[in-house]
Amino acid sequence: MKKQINITPSTASKIGTVDFDNLTFGSTFTDHMFVCDFRDGHWDIPKIVPFGTMELSPASSVLHYGQAVFEGMKAFKDDHGSIWLFRPNENASRLNKSAERLAIPAFPEDIFLEGLKSLITLDKEWVKSGDGKSLYVRPFVFASEACVQASASREYRFMVICAPVKSYYGGDVRVKIADHYSRAAQGGTGYAKAAGNYGGQFYPTQLAKDEGYQQIIWTDAASHEYIEEAGTMNLFFRIGDTLITAPTSDSILDGVTRKSILAIAQQMGIHTEVRMLKVSELIEAKKSGELLEIFGCGTAVVVQPIIGFGYKGNNYDTPLLENSYAQKLKDALVNIQCNKSKDPFGWRFKVCD
Ligand SMILES: *Cc1c(COP(=O)(O)O)cnc(C)c1O
C-alpha cells in the first residue's frame, strides 16, 4: 500500500457554530474524518472526507457480534501555535494488539500516523490552547461486512474522528470495589480496547451509581480479591510514600497514561511498585492511616483523584491531600504534552506548526 491519502475537503466549516468554552465531552466533531476500508484481503487507499453520517447495512457484522476496537488520544496546541500528539506510536501499536485479539486485520502503523497528521493538520483550527483544551482523537475499527454469519468479518472500516474538548473535570469521584460483577476474565479481552468491554460494564456501573458511587474499581474475576483497574482508567495507590499500580495482564488495559506516570514518578524520585494489591491490604492501609491517595489515570481525565471507596457495604474516605502526588504528576505530564516543559522521554510528536 502506498502512503497516499485522498482528500476531499469540506466546503463549509462548522467551526463558527462551536462554543469552545462549553463543550460536552465527545459530542462535537471537527469538519473531517479519516476513512479506510478493508476488503478482498487488503486495506484500500485511505481518504479524508467531510465529517458526516454514513450508510451501513443492517446486516453489518459489528451490529451483531461487536467485532470492534478503538483508541483514544489527544492533540495539543502549544503557546507558539504548533500542534503535538502525545506518544501516538503507542496508540498505533495498541490498536493492532487489540485488533489481533478480535481477529481484525492489522492497520499499517505508518499510515495510521500519516493519517492522523493529515487529518489534524486539515482541522488544526479546531485545536485550541490553554486551560486544558485539546483535541480528543478517536481512531476505531469495526466489522463492516453485511453478513450475519457468526464468524470474523471479511470487511472492516478503520476511521478517525476528532472532538475538541475542554479541560475535563470529573467532579468528586467515589468508587465501588467490585465483589460480584467482573469486567474482564483471565484469557478474555480485557487487555484489548474492545468495544464490548465497555458495553458489559455499563449495567454494573449504573447499579453502583444508584448506590452513590461514580465508578467501579474492578477486581480479578476469579477471586475478586485483587485490584485491577477502573474500566476507563488505570489506578494508582499511594501507601506511605510508595506509589503502587497493578501490573498489566490479560485483564488490564496497558494505558499510555499509566506508563507515562510511572516513568515521571520514577524520574521525580517517587518510589513506585508495580505489583498486585489486595483489597484487604488496601483496607488495612486505610485503617492504619498509611493510605494517602488513590487516583485513576487515562487520556481523557489525565489524572482523576478518587476521594472515597466502598467495599461490601463499608465506605472509606480518601480526602484530597495538599501537594498530592496526583497533582504533581498531572502537572508534569500536562506540561510535557503541551510543550511547556522539556520532553526528556521523547514523547511529543509534531503534527504541524
Ligand atoms: C483506554 C483505557 C485506559 C486508559 O488508557 P490510556 O492509554 O491512558 O488512555 C484504561 N483502562 C481501560 C479499560 C481503557 O480502555
# chains A, B, ... in the order shown; residues from 1 in each chain; ligands from 1
$ closest_atom_pairs --of "chain A" --to "ligand 1" --cutoff "6 Å" --atoms "only C-alpha atoms and all ligand atoms" --output "tab-separated table"
residue	atom	partner	partner_atom_place_in_ligand_line	distance
A:Gly72	CA	ligand 1	9 (O)	6.0
A:Lys193	CA	ligand 1	15 (O)	5.0
A:Gly231	CA	ligand 1	13 (C)	4.2
A:Thr232	CA	ligand 1	12 (C)	4.0
A:Met233	CA	ligand 1	10 (C)	3.8
A:Asn234	CA	ligand 1	10 (C)	4.8
A:Leu253	CA	ligand 1	11 (N)	4.8
A:Gly255	CA	ligand 1	5 (O)	3.4
A:Val256	CA	ligand 1	7 (O)	3.7
A:Thr257	CA	ligand 1	8 (O)	3.6
A:Arg258	CA	ligand 1	8 (O)	5.6
A:Gly298	CA	ligand 1	8 (O)	3.6
A:Thr299	CA	ligand 1	9 (O)	3.7
$ closest_atom_pairs --of "stretch 169-284 of chain A" --to "stretch 135-154 of chain A" --cutoff "12 Å" --atoms "only C-alpha atoms" --output "Markdown table"
| residue | atom | partner | partner_atom | distance |
| --- | --- | --- | --- | --- |
| A:Lys193 | CA | A:Phe140 | CA | 9.6 |
| A:Ala194 | CA | A:Phe140 | CA | 9.6 |
| A:Ala195 | CA | A:Phe142 | CA | 9.3 |
| A:Gly196 | CA | A:Phe142 | CA | 11.7 |
$ residues_around --residues "A:Tyr316" --least-positions-apart "4" --cutoff "12 Å" --atoms "only C-alpha atoms" --output "PyMOL selection string"
chain A and resi 174-177+282-287+289+291-294+306-312
$ atom_distance --atom1 "atom CA of A:Ile252" --atom2 "atom CA of A:Leu277"
13.5 Å
$ select_by_dssp --residues "stretch 71-294 of chain A" --states "alpha helix (DSSP H)" --output "PyMOL selection string"
chain A and resi 88-101+109-122+195-199+202-210+256-268+279-287
$ residues_around --residues "A:Gly130" --least-positions-apart "4" --cutoff "10 Å" --atoms "only C-alpha atoms" --output "list in words"
Phe76, Lys77, Asp78, Asp79, Ser134, Lys166, Ser167 and Cys338 of chain A
$ residues_around --residues "A:Thr189" --least-positions-apart "6" --cutoff "9 Å" --atoms "only C-alpha atoms" --output "PDB file with all heavy atoms, in the first residue's frame"
ATOM      1  N   SER A  98      -5.058  -4.873  20.062  1.00  0.00           N
ATOM      2  CA  SER A  98      -6.497  -5.055  20.282  1.00  0.00           C
ATOM      3  C   SER A  98      -7.114  -5.752  19.074  1.00  0.00           C
ATOM      4  O   SER A  98      -7.892  -6.699  19.216  1.00  0.00           O
ATOM      5  CB  SER A  98      -7.185  -3.702  20.483  1.00  0.00           C
ATOM      6  OG  SER A  98      -6.650  -3.003  21.575  1.00  0.00           O
ATOM      7  N   ARG A 101      -6.597  -9.479  18.884  1.00  0.00           N
ATOM      8  CA  ARG A 101      -7.429 -10.255  19.819  1.00  0.00           C
ATOM      9  C   ARG A 101      -8.857 -10.428  19.309  1.00  0.00           C
ATOM     10  O   ARG A 101      -9.556 -11.371  19.654  1.00  0.00           O
ATOM     11  CB  ARG A 101      -7.422  -9.558  21.199  1.00  0.00           C
ATOM     12  CG  ARG A 101      -8.239 -10.266  22.286  1.00  0.00           C
ATOM     13  CD  ARG A 101      -7.690 -11.659  22.588  1.00  0.00           C
ATOM     14  NE  ARG A 101      -8.505 -12.360  23.575  1.00  0.00           N
ATOM     15  CZ  ARG A 101      -9.647 -12.975  23.308  1.00  0.00           C
ATOM     16  NH1 ARG A 101     -10.141 -12.963  22.062  1.00  0.00           N
ATOM     17  NH2 ARG A 101     -10.323 -13.600  24.255  1.00  0.00           N
ATOM     18  N   LEU A 102      -9.293  -9.457  18.483  1.00  0.00           N
ATOM     19  CA  LEU A 102     -10.653  -9.508  17.933  1.00  0.00           C
ATOM     20  C   LEU A 102     -10.669 -10.065  16.512  1.00  0.00           C
ATOM     21  O   LEU A 102     -11.665  -9.938  15.799  1.00  0.00           O
ATOM     22  CB  LEU A 102     -11.270  -8.098  17.961  1.00  0.00           C
ATOM     23  CG  LEU A 102     -11.955  -7.612  19.248  1.00  0.00           C
ATOM     24  CD1 LEU A 102     -13.312  -8.287  19.425  1.00  0.00           C
ATOM     25  CD2 LEU A 102     -11.124  -7.803  20.499  1.00  0.00           C
ATOM     26  N   GLY A 196     -16.856  -4.099  23.256  1.00  0.00           N
ATOM     27  CA  GLY A 196     -17.685  -4.892  24.154  1.00  0.00           C
ATOM     28  C   GLY A 196     -17.266  -4.843  25.611  1.00  0.00           C
ATOM     29  O   GLY A 196     -18.087  -5.051  26.507  1.00  0.00           O
ATOM     30  N   ASN A 197     -15.999  -4.555  25.883  1.00  0.00           N
ATOM     31  CA  ASN A 197     -15.570  -4.422  27.274  1.00  0.00           C
ATOM     32  C   ASN A 197     -16.328  -3.290  27.958  1.00  0.00           C
ATOM     33  O   ASN A 197     -16.559  -3.323  29.170  1.00  0.00           O
ATOM     34  CB  ASN A 197     -14.069  -4.111  27.366  1.00  0.00           C
ATOM     35  CG  ASN A 197     -13.204  -5.282  26.952  1.00  0.00           C
ATOM     36  OD1 ASN A 197     -13.678  -6.415  26.854  1.00  0.00           O
ATOM     37  ND2 ASN A 197     -11.929  -5.009  26.706  1.00  0.00           N
ATOM     38  N   ASP A 250      -3.600  -9.886  31.078  1.00  0.00           N
ATOM     39  CA  ASP A 250      -4.597 -10.004  30.013  1.00  0.00           C
ATOM     40  C   ASP A 250      -5.970  -9.476  30.421  1.00  0.00           C
ATOM     41  O   ASP A 250      -6.874  -9.418  29.609  1.00  0.00           O
ATOM     42  CB  ASP A 250      -4.665 -11.424  29.425  1.00  0.00           C
ATOM     43  CG  ASP A 250      -5.052 -12.461  30.453  1.00  0.00           C
ATOM     44  OD1 ASP A 250      -5.305 -12.093  31.624  1.00  0.00           O
ATOM     45  OD2 ASP A 250      -5.109 -13.651  30.088  1.00  0.00           O
ATOM     46  N   SER A 251      -6.096  -9.047  31.679  1.00  0.00           N
ATOM     47  CA  SER A 251      -7.368  -8.443  32.072  1.00  0.00           C
ATOM     48  C   SER A 251      -7.235  -6.954  32.411  1.00  0.00           C
ATOM     49  O   SER A 251      -8.180  -6.342  32.902  1.00  0.00           O
ATOM     50  CB  SER A 251      -7.975  -9.207  33.252  1.00  0.00           C
ATOM     51  OG  SER A 251      -7.046  -9.328  34.293  1.00  0.00           O
TER      52      SER A 251
END
$ closest_residue --among "A:Glu228, A:Asp31, A:Glu71, A:Asp131" --to "A:Pro247" --atoms "only C-alpha atoms"
A:Glu228
$ closest_residue --among "A:His32, A:Pro204, A:His42, A:Ser341" --to "A:Ala12" --atoms "only C-alpha atoms"
A:His32
$ select_by_dssp --residues "stretch 263-330 of chain A" --states "strand (DSSP E)" --output "JSON, numbers by chain"
{"A": [271, 272, 273, 274, 291, 292, 293, 294, 295, 296, 297, 298, 302, 303, 304, 305, 308, 309, 310, 311, 314, 315, 316, 317]}
$ decode --residues "stretch 284-297 of chain A" --atoms "all heavy atoms" --output "mmCIF file, in the first residue's frame"
data_model
loop_
_atom_site.group_PDB
_atom_site.id
_atom_site.type_symbol
_atom_site.label_atom_id
_atom_site.label_comp_id
_atom_site.auth_asym_id
_atom_site.auth_seq_id
_atom_site.Cartn_x
_atom_site.Cartn_y
_atom_site.Cartn_z
ATOM 1 N N GLU A 284 -6.594 -2.415 55.073
ATOM 2 C CA GLU A 284 -5.645 -2.350 56.201
ATOM 3 C C GLU A 284 -4.875 -1.041 56.174
ATOM 4 O O GLU A 284 -4.696 -0.391 57.213
ATOM 5 C CB GLU A 284 -4.653 -3.528 56.147
ATOM 6 C CG GLU A 284 -5.239 -4.855 56.593
ATOM 7 C CD GLU A 284 -5.990 -4.746 57.915
ATOM 8 O OE1 GLU A 284 -5.395 -4.218 58.886
ATOM 9 O OE2 GLU A 284 -7.175 -5.146 57.975
ATOM 10 N N ALA A 285 -4.410 -0.667 54.979
ATOM 11 C CA ALA A 285 -3.625 0.568 54.852
ATOM 12 C C ALA A 285 -4.477 1.785 55.186
ATOM 13 O O ALA A 285 -3.993 2.767 55.756
ATOM 14 C CB ALA A 285 -3.046 0.692 53.446
ATOM 15 N N LYS A 286 -5.753 1.716 54.844
ATOM 16 C CA LYS A 286 -6.670 2.819 55.200
ATOM 17 C C LYS A 286 -6.805 2.887 56.717
ATOM 18 O O LYS A 286 -6.698 3.958 57.318
ATOM 19 C CB LYS A 286 -8.018 2.577 54.525
ATOM 20 C CG LYS A 286 -9.102 3.555 54.908
ATOM 21 C CD LYS A 286 -8.768 4.979 54.484
ATOM 22 C CE LYS A 286 -9.352 5.985 55.465
ATOM 23 N NZ LYS A 286 -8.800 7.325 55.286
ATOM 24 N N LYS A 287 -6.993 1.712 57.329
ATOM 25 C CA LYS A 287 -7.214 1.689 58.784
ATOM 26 C C LYS A 287 -5.990 2.144 59.552
ATOM 27 O O LYS A 287 -6.094 2.779 60.601
ATOM 28 C CB LYS A 287 -7.638 0.280 59.233
ATOM 29 C CG LYS A 287 -9.062 -0.029 58.790
ATOM 30 C CD LYS A 287 -9.527 -1.393 59.261
ATOM 31 C CE LYS A 287 -10.986 -1.619 58.867
ATOM 32 N NZ LYS A 287 -11.330 -3.052 58.877
ATOM 33 N N SER A 288 -4.802 1.836 59.022
ATOM 34 C CA SER A 288 -3.574 2.214 59.741
ATOM 35 C C SER A 288 -3.146 3.647 59.415
ATOM 36 O O SER A 288 -2.160 4.134 59.955
ATOM 37 C CB SER A 288 -2.445 1.251 59.367
ATOM 38 O OG SER A 288 -2.048 1.498 58.023
ATOM 39 N N GLY A 289 -3.879 4.285 58.503
ATOM 40 C CA GLY A 289 -3.543 5.674 58.163
ATOM 41 C C GLY A 289 -2.462 5.800 57.103
ATOM 42 O O GLY A 289 -2.048 6.905 56.763
ATOM 43 N N GLU A 290 -2.013 4.680 56.554
ATOM 44 C CA GLU A 290 -0.944 4.747 55.546
ATOM 45 C C GLU A 290 -1.456 5.019 54.137
ATOM 46 O O GLU A 290 -0.687 5.437 53.274
ATOM 47 C CB GLU A 290 -0.177 3.421 55.531
ATOM 48 C CG GLU A 290 0.795 3.270 56.675
ATOM 49 C CD GLU A 290 1.533 1.951 56.528
ATOM 50 O OE1 GLU A 290 0.875 0.891 56.665
ATOM 51 O OE2 GLU A 290 2.738 1.989 56.252
ATOM 52 N N LEU A 291 -2.722 4.762 53.906
ATOM 53 C CA LEU A 291 -3.277 5.015 52.563
ATOM 54 C C LEU A 291 -3.525 6.512 52.411
ATOM 55 O O LEU A 291 -4.374 7.079 53.089
ATOM 56 C CB LEU A 291 -4.596 4.254 52.370
ATOM 57 C CG LEU A 291 -5.296 4.525 51.028
ATOM 58 C CD1 LEU A 291 -4.474 4.010 49.859
ATOM 59 C CD2 LEU A 291 -6.693 3.912 51.018
ATOM 60 N N LEU A 292 -2.748 7.153 51.548
ATOM 61 C CA LEU A 292 -2.819 8.613 51.450
ATOM 62 C C LEU A 292 -3.537 9.113 50.208
ATOM 63 O O LEU A 292 -4.121 10.191 50.219
ATOM 64 C CB LEU A 292 -1.402 9.200 51.502
ATOM 65 C CG LEU A 292 -0.627 8.910 52.799
ATOM 66 C CD1 LEU A 292 0.748 9.535 52.741
ATOM 67 C CD2 LEU A 292 -1.396 9.418 54.015
ATOM 68 N N GLU A 293 -3.452 8.364 49.123
ATOM 69 C CA GLU A 293 -4.092 8.831 47.885
ATOM 70 C C GLU A 293 -4.519 7.641 47.037
ATOM 71 O O GLU A 293 -3.835 6.613 47.028
ATOM 72 C CB GLU A 293 -3.100 9.612 46.995
ATOM 73 C CG GLU A 293 -2.631 10.935 47.508
ATOM 74 C CD GLU A 293 -1.658 11.593 46.518
ATOM 75 O OE1 GLU A 293 -1.967 11.693 45.315
ATOM 76 O OE2 GLU A 293 -0.568 11.984 46.968
ATOM 77 N N ILE A 294 -5.617 7.857 46.320
ATOM 78 C CA ILE A 294 -5.979 6.947 45.230
ATOM 79 C C ILE A 294 -6.290 7.835 44.025
ATOM 80 O O ILE A 294 -6.978 8.845 44.174
ATOM 81 C CB ILE A 294 -7.251 6.128 45.545
ATOM 82 C CG1 ILE A 294 -7.125 5.393 46.875
ATOM 83 C CG2 ILE A 294 -7.552 5.149 44.410
ATOM 84 C CD1 ILE A 294 -8.376 4.585 47.251
ATOM 85 N N PHE A 295 -5.739 7.497 42.877
ATOM 86 C CA PHE A 295 -6.164 8.220 41.672
ATOM 87 C C PHE A 295 -6.190 7.304 40.464
ATOM 88 O O PHE A 295 -5.469 6.315 40.391
ATOM 89 C CB PHE A 295 -5.321 9.476 41.417
ATOM 90 C CG PHE A 295 -3.835 9.261 41.261
ATOM 91 C CD1 PHE A 295 -3.289 9.035 40.003
ATOM 92 C CD2 PHE A 295 -2.987 9.325 42.354
ATOM 93 C CE1 PHE A 295 -1.917 8.880 39.835
ATOM 94 C CE2 PHE A 295 -1.611 9.164 42.211
ATOM 95 C CZ PHE A 295 -1.070 8.930 40.945
ATOM 96 N N GLY A 296 -7.074 7.670 39.548
ATOM 97 C CA GLY A 296 -7.143 6.975 38.277
ATOM 98 C C GLY A 296 -6.417 7.805 37.237
ATOM 99 O O GLY A 296 -6.184 8.998 37.439
ATOM 100 N N CYS A 297 -6.052 7.176 36.119
ATOM 101 C CA CYS A 297 -5.426 7.956 35.050
ATOM 102 C C CYS A 297 -5.788 7.365 33.696
ATOM 103 O O CYS A 297 -5.932 6.160 33.537
ATOM 104 C CB CYS A 297 -3.918 8.006 35.246
ATOM 105 S SG CYS A 297 -3.106 6.440 34.974
#
